[in-house]
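Student: Sharing work.cif (mmCIF, C-alpha atoms and all ligand atoms) below.
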data_target
loop_
_atom_site.label_atom_id
_atom_site.label_comp_id
_atom_site.auth_asym_id
_atom_site.auth_seq_id
_atom_site.Cartn_x
_atom_site.Cartn_y
_atom_site.Cartn_z
CA MET A 180 -51.35 41.49 -18.22
CA VAL A 181 -52.67 44.99 -18.79
CA GLU A 182 -49.18 46.08 -19.94
CA GLN A 183 -49.50 44.15 -23.22
CA TYR A 184 -52.21 46.58 -24.32
CA LEU A 185 -50.01 49.62 -23.79
CA ALA A 186 -47.90 51.08 -26.57
CA ALA A 187 -44.86 50.93 -24.29
CA PRO A 188 -44.59 49.53 -20.76
CA ALA A 189 -45.52 52.19 -18.23
CA ILE A 190 -43.31 50.70 -15.58
CA ALA A 191 -40.06 49.07 -16.70
CA THR A 192 -39.32 45.52 -15.66
CA THR A 193 -35.87 44.14 -14.95
CA ALA A 194 -34.41 41.02 -16.57
CA ALA A 195 -35.56 39.09 -13.49
CA GLY A 196 -39.11 40.23 -14.21
CA GLN A 197 -39.26 42.58 -11.23
CA THR A 198 -40.58 46.11 -11.52
CA ALA A 199 -37.78 48.67 -11.30
CA PRO A 200 -38.76 51.57 -9.02
CA ILE A 201 -38.96 54.99 -10.64
CA GLN A 202 -36.09 57.14 -9.35
CA VAL A 203 -37.55 60.41 -8.12
CA GLY A 204 -36.29 63.64 -6.61
CA VAL A 205 -37.85 66.38 -4.50
CA LEU A 206 -36.87 70.02 -4.93
CA GLY A 207 -37.49 72.09 -1.79
CA PHE A 208 -37.21 70.42 1.60
CA GLY A 209 -39.51 72.47 3.81
CA GLY A 210 -42.96 71.35 5.00
CA LEU A 211 -44.10 69.67 1.80
CA GLY A 212 -40.68 68.40 0.74
CA GLN A 213 -40.17 66.62 4.07
CA ALA A 214 -43.69 65.19 3.99
CA ALA A 215 -42.96 63.98 0.43
CA SER A 216 -39.92 62.07 1.69
CA ARG A 217 -42.12 60.31 4.28
CA VAL A 218 -44.76 59.49 1.67
CA LEU A 219 -42.10 57.98 -0.61
CA ALA A 220 -40.63 55.89 2.22
CA GLN A 221 -43.81 53.76 2.07
CA LYS A 222 -43.76 53.27 -1.72
CA GLN A 223 -42.33 50.35 -3.67
CA GLU A 224 -42.85 51.77 -7.16
CA MET A 225 -40.83 54.90 -6.50
CA ARG A 226 -37.41 55.34 -4.95
CA TRP A 227 -36.44 58.70 -3.47
CA VAL A 228 -32.85 59.40 -4.57
CA ALA A 229 -32.40 63.18 -4.78
CA ALA A 230 -33.38 66.40 -3.03
CA ALA A 231 -32.34 70.03 -2.92
CA ASP A 232 -32.90 72.98 -0.62
CA GLN A 233 -31.73 76.55 -0.94
CA GLN A 234 -28.18 75.84 0.23
CA GLY A 235 -27.40 72.37 -0.98
CA PHE A 236 -28.50 69.01 -2.31
CA VAL A 237 -28.19 65.28 -1.75
CA TYR A 238 -28.10 62.45 -4.31
CA ASN A 239 -27.74 58.73 -3.78
CA ALA A 240 -28.95 56.37 -6.52
CA THR A 241 -29.51 53.55 -4.00
CA GLY A 242 -32.05 55.63 -2.06
CA LEU A 243 -32.22 58.28 0.67
CA ASN A 244 -33.34 57.88 4.27
CA ALA A 245 -36.12 60.32 5.19
CA ASP A 246 -35.31 60.40 8.93
CA ALA A 247 -31.62 61.10 8.38
CA CYS A 248 -32.38 63.81 5.82
CA ILE A 249 -35.02 65.53 7.97
CA THR A 250 -32.74 65.47 11.04
CA THR A 251 -29.80 66.94 9.13
CA TYR A 252 -31.99 69.63 7.51
CA ARG A 253 -33.49 70.62 10.87
CA ASP A 254 -30.23 70.58 12.82
CA ARG A 255 -27.87 72.09 10.24
CA GLY A 256 -30.17 73.91 7.81
CA SER A 257 -29.29 72.05 4.63
CA LEU A 258 -29.25 68.57 3.08
CA GLY A 259 -25.83 69.51 1.75
CA TYR A 260 -24.33 68.55 5.14
CA LEU A 261 -25.31 64.88 4.77
CA ALA A 262 -22.18 62.75 4.84
CA ALA A 263 -23.45 60.33 2.17
CA GLY A 264 -24.09 62.19 -1.07
CA GLY A 265 -24.60 65.70 0.33
CA SER A 266 -23.02 68.82 -1.23
CA LEU A 267 -23.40 72.50 -0.42
CA SER A 268 -24.08 74.73 -3.41
CA PRO A 269 -25.35 78.27 -3.91
CA ASP A 270 -27.00 76.99 -7.11
CA SER A 271 -28.30 73.70 -5.73
CA ILE A 272 -30.94 72.90 -8.39
CA ALA A 273 -28.53 73.30 -11.31
CA ALA A 274 -25.86 71.33 -9.44
CA LEU A 275 -28.28 68.50 -8.67
CA ILE A 276 -29.58 68.30 -12.26
CA ALA A 277 -25.98 67.94 -13.44
CA GLN A 278 -25.09 65.25 -10.91
CA ALA A 279 -28.22 63.08 -10.71
CA PRO A 280 -28.52 61.34 -14.10
CA THR A 281 -30.82 58.54 -12.89
CA VAL A 282 -33.69 60.79 -11.75
CA GLU A 283 -36.72 60.34 -14.01
CA GLY A 284 -39.05 62.78 -12.26
CA TYR A 285 -39.04 65.61 -9.74
CA PHE A 286 -41.72 66.95 -7.43
CA LEU A 287 -41.14 70.72 -7.21
CA ALA A 288 -42.02 71.45 -3.56
CA LEU A 289 -40.54 74.92 -3.92
CA PRO A 290 -41.94 78.30 -2.90
CA ASN A 291 -43.27 80.21 -5.89
CA LEU A 292 -41.77 83.43 -4.56
CA PRO A 293 -41.48 85.58 -6.55
CA ASN A 294 -44.50 84.54 -8.63
CA THR A 295 -42.16 83.78 -11.58
CA PHE A 296 -39.87 81.41 -9.67
CA MET A 297 -41.36 78.06 -10.75
CA ALA A 298 -41.36 79.07 -14.42
CA SER A 299 -37.68 80.02 -14.05
CA VAL A 300 -36.95 76.57 -12.58
CA ALA A 301 -38.72 74.93 -15.55
CA GLN A 302 -36.52 77.02 -17.87
CA GLN A 303 -33.45 75.86 -15.94
CA PHE A 304 -34.38 72.22 -16.67
CA ILE A 305 -34.92 73.04 -20.36
CA GLN A 306 -31.59 74.85 -20.64
CA ALA A 307 -29.79 71.97 -18.91
CA GLY A 308 -31.00 69.60 -21.64
CA TRP A 309 -32.69 67.44 -18.98
CA ARG A 310 -35.43 65.05 -20.08
CA GLY A 311 -38.03 63.64 -17.70
CA VAL A 312 -41.13 64.53 -15.71
CA LEU A 313 -41.69 67.59 -13.53
CA VAL A 314 -44.68 68.06 -11.21
CA ASP A 315 -45.64 71.21 -9.33
CA ALA A 316 -48.33 72.09 -6.78
CA MET A 317 -48.52 75.75 -7.78
CA LYS A 318 -51.54 77.74 -6.81
CA ARG A 319 -51.89 81.01 -8.71
CA THR A 320 -53.59 81.35 -12.11
CA SER A 321 -50.90 83.80 -13.25
CA ALA A 322 -48.17 81.29 -12.30
CA VAL A 323 -49.79 78.48 -14.33
CA GLU A 324 -50.18 80.92 -17.24
CA GLN A 325 -46.40 81.36 -17.28
CA LEU A 326 -46.03 77.58 -17.65
CA LEU A 327 -48.54 77.62 -20.52
CA ASP A 328 -46.23 80.04 -22.30
CA LEU A 329 -43.44 77.45 -21.93
CA ALA A 330 -45.51 74.51 -23.25
CA ASP A 331 -43.82 74.39 -26.68
CA ASP A 332 -40.35 74.70 -25.20
CA LEU A 333 -41.08 71.89 -22.72
CA ARG A 334 -42.37 69.67 -25.53
CA SER A 335 -39.34 70.18 -27.73
CA ALA A 336 -37.04 69.67 -24.74
CA GLY A 337 -38.58 66.25 -24.06
CA ILE A 338 -40.06 67.24 -20.69
CA THR A 339 -43.51 66.15 -19.52
CA TYR A 340 -44.59 68.85 -17.08
CA MET A 341 -47.64 68.33 -14.85
CA THR A 342 -48.82 71.62 -13.32
CA GLY A 343 -51.28 72.38 -10.50
CA CYS A 344 -51.06 68.87 -9.06
CA GLY A 345 -51.43 69.42 -5.29
CA ALA A 346 -54.74 69.56 -3.35
CA THR A 347 -56.20 72.79 -4.72
CA PRO A 348 -55.35 73.10 -7.49
CA GLY A 349 -54.96 69.36 -7.94
CA LEU A 350 -57.09 66.76 -6.21
CA LEU A 351 -60.14 69.04 -5.94
CA THR A 352 -59.83 70.29 -9.52
CA ALA A 353 -59.67 66.71 -10.76
CA ALA A 354 -62.70 65.85 -8.62
CA ALA A 355 -64.57 68.77 -10.21
CA ALA A 356 -63.62 67.51 -13.70
CA LEU A 357 -65.03 64.10 -12.79
CA ALA A 358 -68.20 65.50 -11.17
CA ALA A 359 -68.88 67.64 -14.26
CA GLN A 360 -69.57 64.49 -16.29
CA SER A 361 -73.15 64.27 -14.91
CA TYR A 362 -74.05 67.61 -16.41
CA ALA A 363 -74.79 69.04 -19.81
CA GLU A 364 -73.65 72.43 -18.51
CA VAL A 365 -71.58 73.32 -15.45
CA HIS A 366 -72.83 76.44 -13.67
CA GLN A 367 -70.50 76.72 -10.71
CA VAL A 368 -67.47 75.09 -9.13
CA LYS A 369 -66.97 76.21 -5.54
CA ILE A 370 -63.88 75.06 -3.68
CA THR A 371 -63.69 75.68 0.07
CA PHE A 372 -60.63 74.49 1.96
CA GLY A 373 -59.81 74.12 5.61
CA VAL A 374 -56.17 73.76 6.61
CA GLY A 375 -54.86 73.17 10.11
CA ILE A 376 -51.14 73.27 10.86
CA ALA A 377 -49.51 73.22 14.30
CA ASN A 378 -47.16 76.14 13.60
CA TRP A 379 -46.64 78.40 10.63
CA GLU A 380 -42.86 77.90 10.54
CA ALA A 381 -43.39 74.32 9.30
CA TYR A 382 -44.88 75.73 6.05
CA ARG A 383 -43.37 79.19 5.63
CA ALA A 384 -43.88 79.48 1.87
CA THR A 385 -47.45 78.20 2.00
CA VAL A 386 -48.37 80.73 4.69
CA ARG A 387 -46.51 83.62 2.97
CA GLU A 388 -48.22 82.83 -0.34
CA ASP A 389 -51.61 82.73 1.44
CA ILE A 390 -50.91 86.14 3.00
CA GLY A 391 -50.35 87.38 -0.56
CA HIS A 392 -54.05 86.64 -1.19
CA LEU A 393 -55.31 88.78 1.72
CA PRO A 394 -56.90 92.13 0.87
CA GLY A 395 -54.21 94.81 0.93
CA TYR A 396 -51.32 92.38 0.33
CA SER A 397 -49.50 91.32 -2.85
CA VAL A 398 -47.24 88.32 -3.48
CA GLU A 399 -44.26 90.67 -3.48
CA GLN A 400 -45.24 92.24 -0.15
CA ALA A 401 -45.71 88.79 1.39
CA ARG A 402 -42.34 87.64 0.04
CA GLN A 403 -40.57 90.62 1.60
CA MET A 404 -42.15 90.21 5.04
CA THR A 405 -39.70 89.08 7.73
CA ASP A 406 -40.60 86.08 9.88
CA ALA A 407 -41.27 88.51 12.75
CA GLU A 408 -43.72 90.47 10.59
CA VAL A 409 -45.56 87.28 9.60
CA ALA A 410 -45.74 86.24 13.27
CA ALA A 411 -47.06 89.71 14.21
CA LEU A 412 -49.77 89.50 11.53
CA LEU A 413 -50.79 86.04 12.77
CA ASP A 414 -50.89 87.37 16.36
CA ARG A 415 -53.43 89.97 15.25
CA THR A 416 -55.66 87.29 13.64
CA ASN A 417 -55.25 84.70 16.40
CA GLY A 418 -53.36 82.52 13.92
CA ILE A 419 -56.27 82.39 11.45
CA LEU A 420 -56.13 83.40 7.76
CA THR A 421 -59.51 83.74 6.05
CA LEU A 422 -59.25 83.78 2.27
CA GLU A 423 -61.96 84.64 -0.24
CA ASN A 424 -62.16 84.80 -4.02
CA MET A 425 -58.55 83.74 -4.37
CA GLU A 426 -56.62 83.91 -7.62
CA HIS A 427 -56.38 80.12 -7.91
CA ALA A 428 -55.44 78.14 -11.00
CA ASP A 429 -58.34 75.71 -10.56
CA ASP A 430 -60.20 78.27 -12.73
CA ILE A 431 -57.87 78.26 -15.73
CA MET A 432 -57.35 74.50 -15.46
CA LEU A 433 -61.09 73.79 -15.64
CA GLU A 434 -61.46 76.31 -18.47
CA LEU A 435 -58.62 74.69 -20.45
CA ALA A 436 -60.21 71.26 -19.90
CA GLY A 437 -63.38 72.66 -21.49
CA ILE A 438 -65.51 72.19 -18.38
CA CYS A 439 -66.61 75.77 -17.67
CA GLY A 440 -65.44 79.36 -17.99
CA ARG A 441 -63.02 80.51 -15.34
CA ASP A 442 -65.53 83.06 -14.03
CA ARG A 443 -67.66 80.15 -12.76
CA VAL A 444 -64.91 78.85 -10.45
CA THR A 445 -64.37 80.25 -6.94
CA VAL A 446 -61.81 79.28 -4.32
CA GLY A 447 -61.62 80.31 -0.68
CA GLY A 448 -60.81 78.84 2.68
CA VAL A 449 -59.61 79.14 6.25
CA VAL A 450 -56.09 78.34 7.44
CA ASP A 451 -55.47 77.85 11.16
CA THR A 452 -51.72 78.17 11.74
CA ARG A 453 -51.90 77.18 15.42
CA ASN A 454 -53.93 73.98 15.42
CA PRO A 455 -53.49 70.85 13.31
CA LYS A 456 -57.27 70.32 13.41
CA LYS A 457 -58.96 71.60 10.25
CA PRO A 458 -61.14 74.67 10.89
CA LEU A 459 -63.64 73.38 8.32
CA SER A 460 -64.00 70.38 6.02
CA THR A 461 -62.35 70.86 2.63
CA ASN A 462 -64.84 70.35 -0.18
CA VAL A 463 -65.69 71.10 -3.78
CA GLN A 464 -69.26 71.69 -4.89
CA VAL A 465 -70.05 71.30 -8.58
CA THR A 466 -73.42 72.66 -9.69
CA GLY A 467 -74.83 72.08 -13.13
CA ARG A 468 -77.78 71.22 -15.34
CA THR A 469 -78.38 67.65 -16.44
CA PHE A 470 -79.52 66.73 -19.93
CA GLU A 471 -83.08 66.46 -18.52
CA GLY A 472 -82.96 70.06 -17.32
CA LYS A 473 -82.52 69.34 -13.60
CA ILE A 474 -80.21 71.59 -11.57
CA SER A 475 -78.12 69.68 -9.04
CA THR A 476 -74.94 69.90 -6.96
CA HIS A 477 -72.33 67.19 -6.43
CA THR A 478 -70.21 67.63 -3.29
CA PHE A 479 -66.86 65.94 -2.72
CA THR A 480 -65.57 66.34 0.83
CA LEU A 481 -62.13 65.33 2.05
CA GLY A 482 -61.85 63.43 5.32
CA ASP A 483 -61.02 65.78 8.18
CA GLU A 484 -58.21 63.50 9.34
CA THR A 485 -56.31 63.96 6.05
CA SER A 486 -53.64 66.63 6.38
CA MET A 487 -52.69 69.23 3.80
CA ALA A 488 -49.44 67.28 3.33
CA ALA A 489 -51.33 64.03 2.58
CA ASN A 490 -53.67 65.78 0.14
CA VAL A 491 -50.83 67.54 -1.70
CA CYS A 492 -48.06 64.91 -1.75
CA GLY A 493 -50.33 61.95 -2.57
CA PRO A 494 -51.72 63.57 -5.74
CA ALA A 495 -48.31 65.04 -6.67
CA PHE A 496 -46.78 61.55 -6.87
CA GLY A 497 -49.93 60.15 -8.49
CA TYR A 498 -49.52 62.72 -11.26
CA LEU A 499 -45.77 62.04 -11.36
CA LYS A 500 -46.53 58.37 -12.09
CA ALA A 501 -49.07 59.39 -14.75
CA GLY A 502 -46.46 61.75 -16.22
CA ILE A 503 -43.87 58.96 -16.33
CA GLN A 504 -46.31 56.81 -18.31
CA LEU A 505 -46.83 59.65 -20.80
CA HIS A 506 -43.11 60.38 -20.99
CA ARG A 507 -42.16 56.75 -21.66
CA ARG A 508 -44.62 56.79 -24.56
CA GLY A 509 -42.98 59.89 -26.01
CA ILE A 510 -45.73 62.31 -24.93
CA HIS A 511 -44.15 65.57 -23.78
CA GLY A 512 -45.33 69.12 -23.04
CA LEU A 513 -47.58 70.68 -20.42
CA PHE A 514 -50.52 68.97 -18.72
CA THR A 515 -52.76 70.04 -15.83
CA ALA A 516 -54.38 68.02 -13.06
CA ALA A 517 -57.77 68.53 -14.74
CA GLU A 518 -56.87 66.75 -17.97
CA VAL A 519 -54.94 63.66 -16.84
CA MET A 520 -56.01 61.06 -14.27
CA PRO A 521 -53.44 60.56 -11.49
CA GLN A 522 -52.15 56.99 -11.16
CA PHE A 523 -52.07 55.33 -7.76
CA VAL A 524 -48.51 54.75 -6.58
CA ARG A 525 -48.06 51.43 -4.81
P1 LIG B 601 -41.38 75.80 2.79
O1 LIG B 601 -41.18 77.25 2.99
O2 LIG B 601 -41.70 74.98 4.01
O3 LIG B 601 -40.07 75.15 2.13
C1 LIG B 601 -39.49 75.65 0.98
C2 LIG B 601 -38.21 74.85 0.68
O4 LIG B 601 -37.70 75.30 -0.59
C3 LIG B 601 -37.08 75.04 1.68
O5 LIG B 601 -36.45 73.80 1.91
C4 LIG B 601 -36.10 75.97 0.96
O6 LIG B 601 -34.76 75.79 1.37
C5 LIG B 601 -36.30 75.52 -0.48
N1 LIG B 601 -35.89 76.54 -1.44
C6 LIG B 601 -36.21 77.86 -1.47
N2 LIG B 601 -35.59 78.47 -2.51
C7 LIG B 601 -34.86 77.51 -3.14
C8 LIG B 601 -33.97 77.51 -4.26
N3 LIG B 601 -33.74 78.61 -4.96
N4 LIG B 601 -33.39 76.34 -4.61
C9 LIG B 601 -33.61 75.19 -3.92
N5 LIG B 601 -34.45 75.13 -2.86
C10 LIG B 601 -35.04 76.27 -2.46
O7 LIG B 601 -42.47 75.57 1.64
P2 LIG B 601 -43.87 74.79 1.75
O8 LIG B 601 -44.72 75.46 2.77
O9 LIG B 601 -43.58 73.32 1.86
O10 LIG B 601 -44.56 75.12 0.32
C11 LIG B 601 -44.04 74.73 -0.93
C12 LIG B 601 -44.99 75.14 -2.04
O11 LIG B 601 -46.15 74.31 -2.06
C13 LIG B 601 -45.52 76.56 -1.94
O12 LIG B 601 -45.35 77.21 -3.19
C14 LIG B 601 -47.00 76.39 -1.62
O13 LIG B 601 -47.81 77.41 -2.13
C15 LIG B 601 -47.29 75.08 -2.32
N6 LIG B 601 -48.51 74.44 -1.79
C16 LIG B 601 -49.46 74.03 -2.67
C17 LIG B 601 -50.64 73.45 -2.22
C18 LIG B 601 -51.68 72.96 -3.17
O14 LIG B 601 -52.69 72.38 -2.74
N7 LIG B 601 -51.54 73.14 -4.47
C19 LIG B 601 -50.84 73.29 -0.84
C20 LIG B 601 -49.84 73.70 0.02
C21 LIG B 601 -48.68 74.27 -0.45
#
Turn this file's structure into structure tokens for me.
Ligand code: NAD
Tutor:
Amino acid sequence: MVEQYLAAPAIATTAAGQTAPIQVGVLGFGGLGQAASRVLAQKQEMRWVAAADQQGFVYNATGLNADACITTYRDRGSLGYLAAGGSLSPDSIAALIAQAPTVEGYFLALPNLPNTFMASVAQQFIQAGWRGVLVDAMKRTSAVEQLLDLADDLRSAGITYMTGCGATPGLLTAAAALAAQSYAEVHQVKITFGVGIANWEAYRATVREDIGHLPGYSVEQARQMTDAEVAALLDRTNGILTLENMEHADDIMLELAGICGRDRVTVGGVVDTRNPKKPLSTNVQVTGRTFEGKISTHTFTLGDETSMAANVCGPAFGYLKAGIQLHRRGIHGLFTAAEVMPQFVR
């Protein structure tokens, strides 16, 4: 048994010798939150027991049904209307934290609008005296920097916080950290993503935050745009958003991991909001010099059939499992996707 070599068991076992599933929650129940519930429905090591949206929350320690939750959210606008365990609340995250004592870890599938929102949610968990694991899939460098400022507070609160754990930042940043091992010096990390979604309304926050990266737009402007204004912008571009030199936290994460300076990391991509087919293959190219003086490039390309949801939610729960292992060994504070290996969730 591998477990006997660990300081403390990563996954608890019951008296009967069976592995007890980790009780997890999802905050935000839009595109990614709903996809997360479907991902969890196929897992044995994690049990989805809690979720919140802007108007309400649901908690049931014996497990939630993804289909029932998605139907209620779509038809009525909030999980709070669910008969079993649902409650409406104007302050749904605080209410859920107070009423869901069994949750060990949350995936924060929330919009980071304004750009300080996720850091304020982390502070809410600290102030509530909650202990456990939090995972986000935040994108902006300046947003991850706010979490860095909270690292000491998270550590003393007994929270293990994994930041930048989606696709990019996340899966691709981790791939870059791995690819860097062949080199004595890393010259460039170039991330290029292709995203295809059938309609923008399925991922409103993702699309708004991407608009905030377009020349002439800020996060605040994108946040204040009405749905009609977003639709009008997408009409003008035929549903395509082309993004270059984005402010993406892959740069600070690779710098913090000691791999290369942030000025050597670039992120850009194309989002098609009217077609689930990817407009280009998502990839990361890592160029460097080997110890023999050769210059080379490693390329890691994601399969075109993998959706944004698969490439964000899979890593998010992989990092949640890794975070649980750290937490159970008393290791708290802030970690990024570039410094910890995600664990595969069975
Ligand atoms: P969405 O707009 O589809 O859904 C947002 C959800 O959050 C909704 O259910 C809404 O009710 C809820 N919400 C909003 N404010 C809330 C509050 N105060 N309390 C509780 N719930 C609240 O969002 P999405 O498109 O799924 O995106 C979620 C986040 O994921 C975005 O920040 C996006 O940038 C990020 N993302 C990251 C990556 C990556 O690779 N790192 C990829 C895609 C998306």
Student: Any chance you could work out the axis-aligned box around ligand LIG 601 (chain B), listed atoms only, 4 Å on each side, giving centre and edge lengths in Å to one decimal, as lines of an AutoDock Vina configuration file?
Tutor:
center_x = -43.0
center_y = 75.5
center_z = -0.5
size_x = 27.3
size_y = 14.2
size_z = 17.0
Student: Can you pull out every residue with an atom within 6 Å of ligand LIG 601 (chain B)? Use all atoms listed in the file and format it as an MDAnalysis selection string.
Tutor: chainID A and resid 207:212 231:233 271:272 288:291 316:318 345:348 381:385 388 491
Student: Go ahead and compute the interatomic distance for atom CA of A:Ala355 and atom CA of A:Ile510, in Å to one decimal.
Tutor: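 Those two atoms sit 24.8 Å apart.
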Student: Of the candidates A:Leu499, A:Gly437, A:Gly512, A:Leu292, which shows the shortest atom-to-atom distance to A:Glu224, using only C-alpha atoms?
Tutor: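 Closest residue, counting only C-alpha atoms: A:Leu499.
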Student: Could you tell me which of A:Gly493, A:Gly448, A:Gly349, A:Gly482 comes closest to A:Glu518 if we count all atoms listed in the file?
Tutor: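 Checking each of A:Gly493, A:Gly448, A:Gly349, A:Gly482 against A:Glu518, counting all atoms listed in the file, the winner is A:Gly349.
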Student: Point out the residue among A:Arg217, A:Arg508, A:Arg387, A:His392 with the least atom-to-atom distance to A:Thr405, counting all atoms listed in the file.
Tutor: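 Among the listed residues, the smallest separation from A:Thr405 belongs to A:Arg387.
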Student: So which residues touch A:Ser268 within 12 Å, counting all atoms listed in the file, skipping near sequence neighbours fewer than 6 positions away, as a PyMOL selection string?
Tutor: chain A and resi 231-237+257-260+274-275
Student: Of the candidates A:Gly418, A:Pro293, A:Gly284, A:Pro494, which one gets nearest to A:Gly204 if we count all atoms listed in the file?
Tutor: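 With all atoms listed in the file as the atom set, the closest residue is A:Gly284.
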Student: Compare A:Leu513, A:Ala301, A:Gly467, A:Ser321 by their minimum atom-to-atom distance to A:Ala428, counting only C-alpha atoms, and give me the closest one.
Tutor: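 Selected residue with least distance to A:Ala428: A:Ser321.
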Student: For A:Asp389, list every protein, DNA or RNA residue within 12 Å, evaluated using only C-alpha atoms, and leave out those in the same chain fewer than 5 positions away; present the list as a PyMOL selection string.
Tutor: chain A and resi 290-292+317-319+374+379+382-384+394+396-402+409+413+419-423+425-427+447-452
Student: Can you tell me how far atom CA of A:Gln522 sits from atom CA of A:Leu287, in Å to one decimal?
Tutor: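 Between these atoms lies a distance of 18.0 Å.
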Student: In Å, with one decimal, what is the gap from atom CA of A:Ala220 to atom CA of A:Cys492?
Tutor: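 Taking atom CA of A:Ala220 and atom CA of A:Cys492, their separation equals 12.3 Å.
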Student: Using all atoms listed in the file, which residue out of A:Phe479, A:Phe514, A:Tyr285, A:Phe470 lies closest to A:Leu435?
Tutor: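 Looking only at the distances to A:Leu435, the closest residue turns out to be A:Phe514.
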Student: For A:Gln202, work out the shell of residues within 10 Å, counting all atoms listed in the file and skipping chain neighbours fewer than 6 positions away, then give it as a PDB file with C-alpha atoms, in the coordinates of the input.
Tutor:
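The result, stored in part-v6.pdb:
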ATOM      1  CA  GLU A 224     -42.850  51.770  -7.160  1.00  0.00           C
ATOM      2  CA  MET A 225     -40.830  54.900  -6.500  1.00  0.00           C
ATOM      3  CA  ARG A 226     -37.410  55.340  -4.950  1.00  0.00           C
ATOM      4  CA  TRP A 227     -36.440  58.700  -3.470  1.00  0.00           C
ATOM      5  CA  VAL A 228     -32.850  59.400  -4.570  1.00  0.00           C
ATOM      6  CA  ALA A 229     -32.400  63.180  -4.780  1.00  0.00           C
ATOM      7  CA  ALA A 240     -28.950  56.370  -6.520  1.00  0.00           C
ATOM      8  CA  THR A 241     -29.510  53.550  -4.000  1.00  0.00           C
ATOM      9  CA  GLY A 242     -32.050  55.630  -2.060  1.00  0.00           C
ATOM     10  CA  ALA A 279     -28.220  63.080 -10.710  1.00  0.00           C
ATOM     11  CA  PRO A 280     -28.520  61.340 -14.100  1.00  0.00           C
ATOM     12  CA  THR A 281     -30.820  58.540 -12.890  1.00  0.00           C
ATOM     13  CA  VAL A 282     -33.690  60.790 -11.750  1.00  0.00           C
ATOM     14  CA  GLU A 283     -36.720  60.340 -14.010  1.00  0.00           C
ATOM     15  CA  GLY A 284     -39.050  62.780 -12.260  1.00  0.00           C
ATOM     16  CA  TYR A 285     -39.040  65.610  -9.740  1.00  0.00           C
TER      17      TYR A 285
END
Student: Just add N, CA and C atoms to stretch 457-470 of chain A and send it as a short mmCIF file (atom, residue, chain, number, x, y, z; two decimals), in the coordinates of the input.
Tutor:
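And here is the file that came out, part.cif:
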data_model
loop_
_atom_site.label_atom_id
_atom_site.label_comp_id
_atom_site.auth_asym_id
_atom_site.auth_seq_id
_atom_site.Cartn_x
_atom_site.Cartn_y
_atom_site.Cartn_z
N LYS A 457 -58.44 70.74 11.32
CA LYS A 457 -58.96 71.60 10.25
C LYS A 457 -60.08 72.49 10.78
N PRO A 458 -60.06 73.78 10.44
CA PRO A 458 -61.14 74.67 10.89
C PRO A 458 -62.46 74.40 10.18
N LEU A 459 -62.42 73.80 9.02
CA LEU A 459 -63.64 73.38 8.32
C LEU A 459 -63.26 72.25 7.36
N SER A 460 -64.26 71.52 6.90
CA SER A 460 -64.00 70.38 6.02
C SER A 460 -63.78 70.87 4.58
N THR A 461 -62.66 70.48 4.01
CA THR A 461 -62.35 70.86 2.63
C THR A 461 -63.31 70.18 1.67
N ASN A 462 -63.88 70.96 0.75
CA ASN A 462 -64.84 70.35 -0.18
C ASN A 462 -64.88 71.12 -1.50
N VAL A 463 -65.40 70.43 -2.51
CA VAL A 463 -65.69 71.10 -3.78
C VAL A 463 -67.14 70.79 -4.13
N GLN A 464 -67.87 71.84 -4.48
CA GLN A 464 -69.26 71.69 -4.89
C GLN A 464 -69.36 72.03 -6.37
N VAL A 465 -69.93 71.10 -7.13
CA VAL A 465 -70.05 71.30 -8.58
C VAL A 465 -71.53 71.32 -8.94
N THR A 466 -71.99 72.48 -9.36
CA THR A 466 -73.42 72.66 -9.69
C THR A 466 -73.58 72.74 -11.19
N GLY A 467 -74.60 72.04 -11.69
CA GLY A 467 -74.83 72.08 -13.13
C GLY A 467 -76.24 71.65 -13.49
N ARG A 468 -76.47 71.62 -14.80
CA ARG A 468 -77.78 71.22 -15.34
C ARG A 468 -77.60 69.91 -16.08
N THR A 469 -78.47 68.94 -15.75
CA THR A 469 -78.38 67.65 -16.44
C THR A 469 -79.04 67.75 -17.81
N PHE A 470 -78.91 66.72 -18.59
CA PHE A 470 -79.52 66.73 -19.93
C PHE A 470 -81.04 66.79 -19.84
#
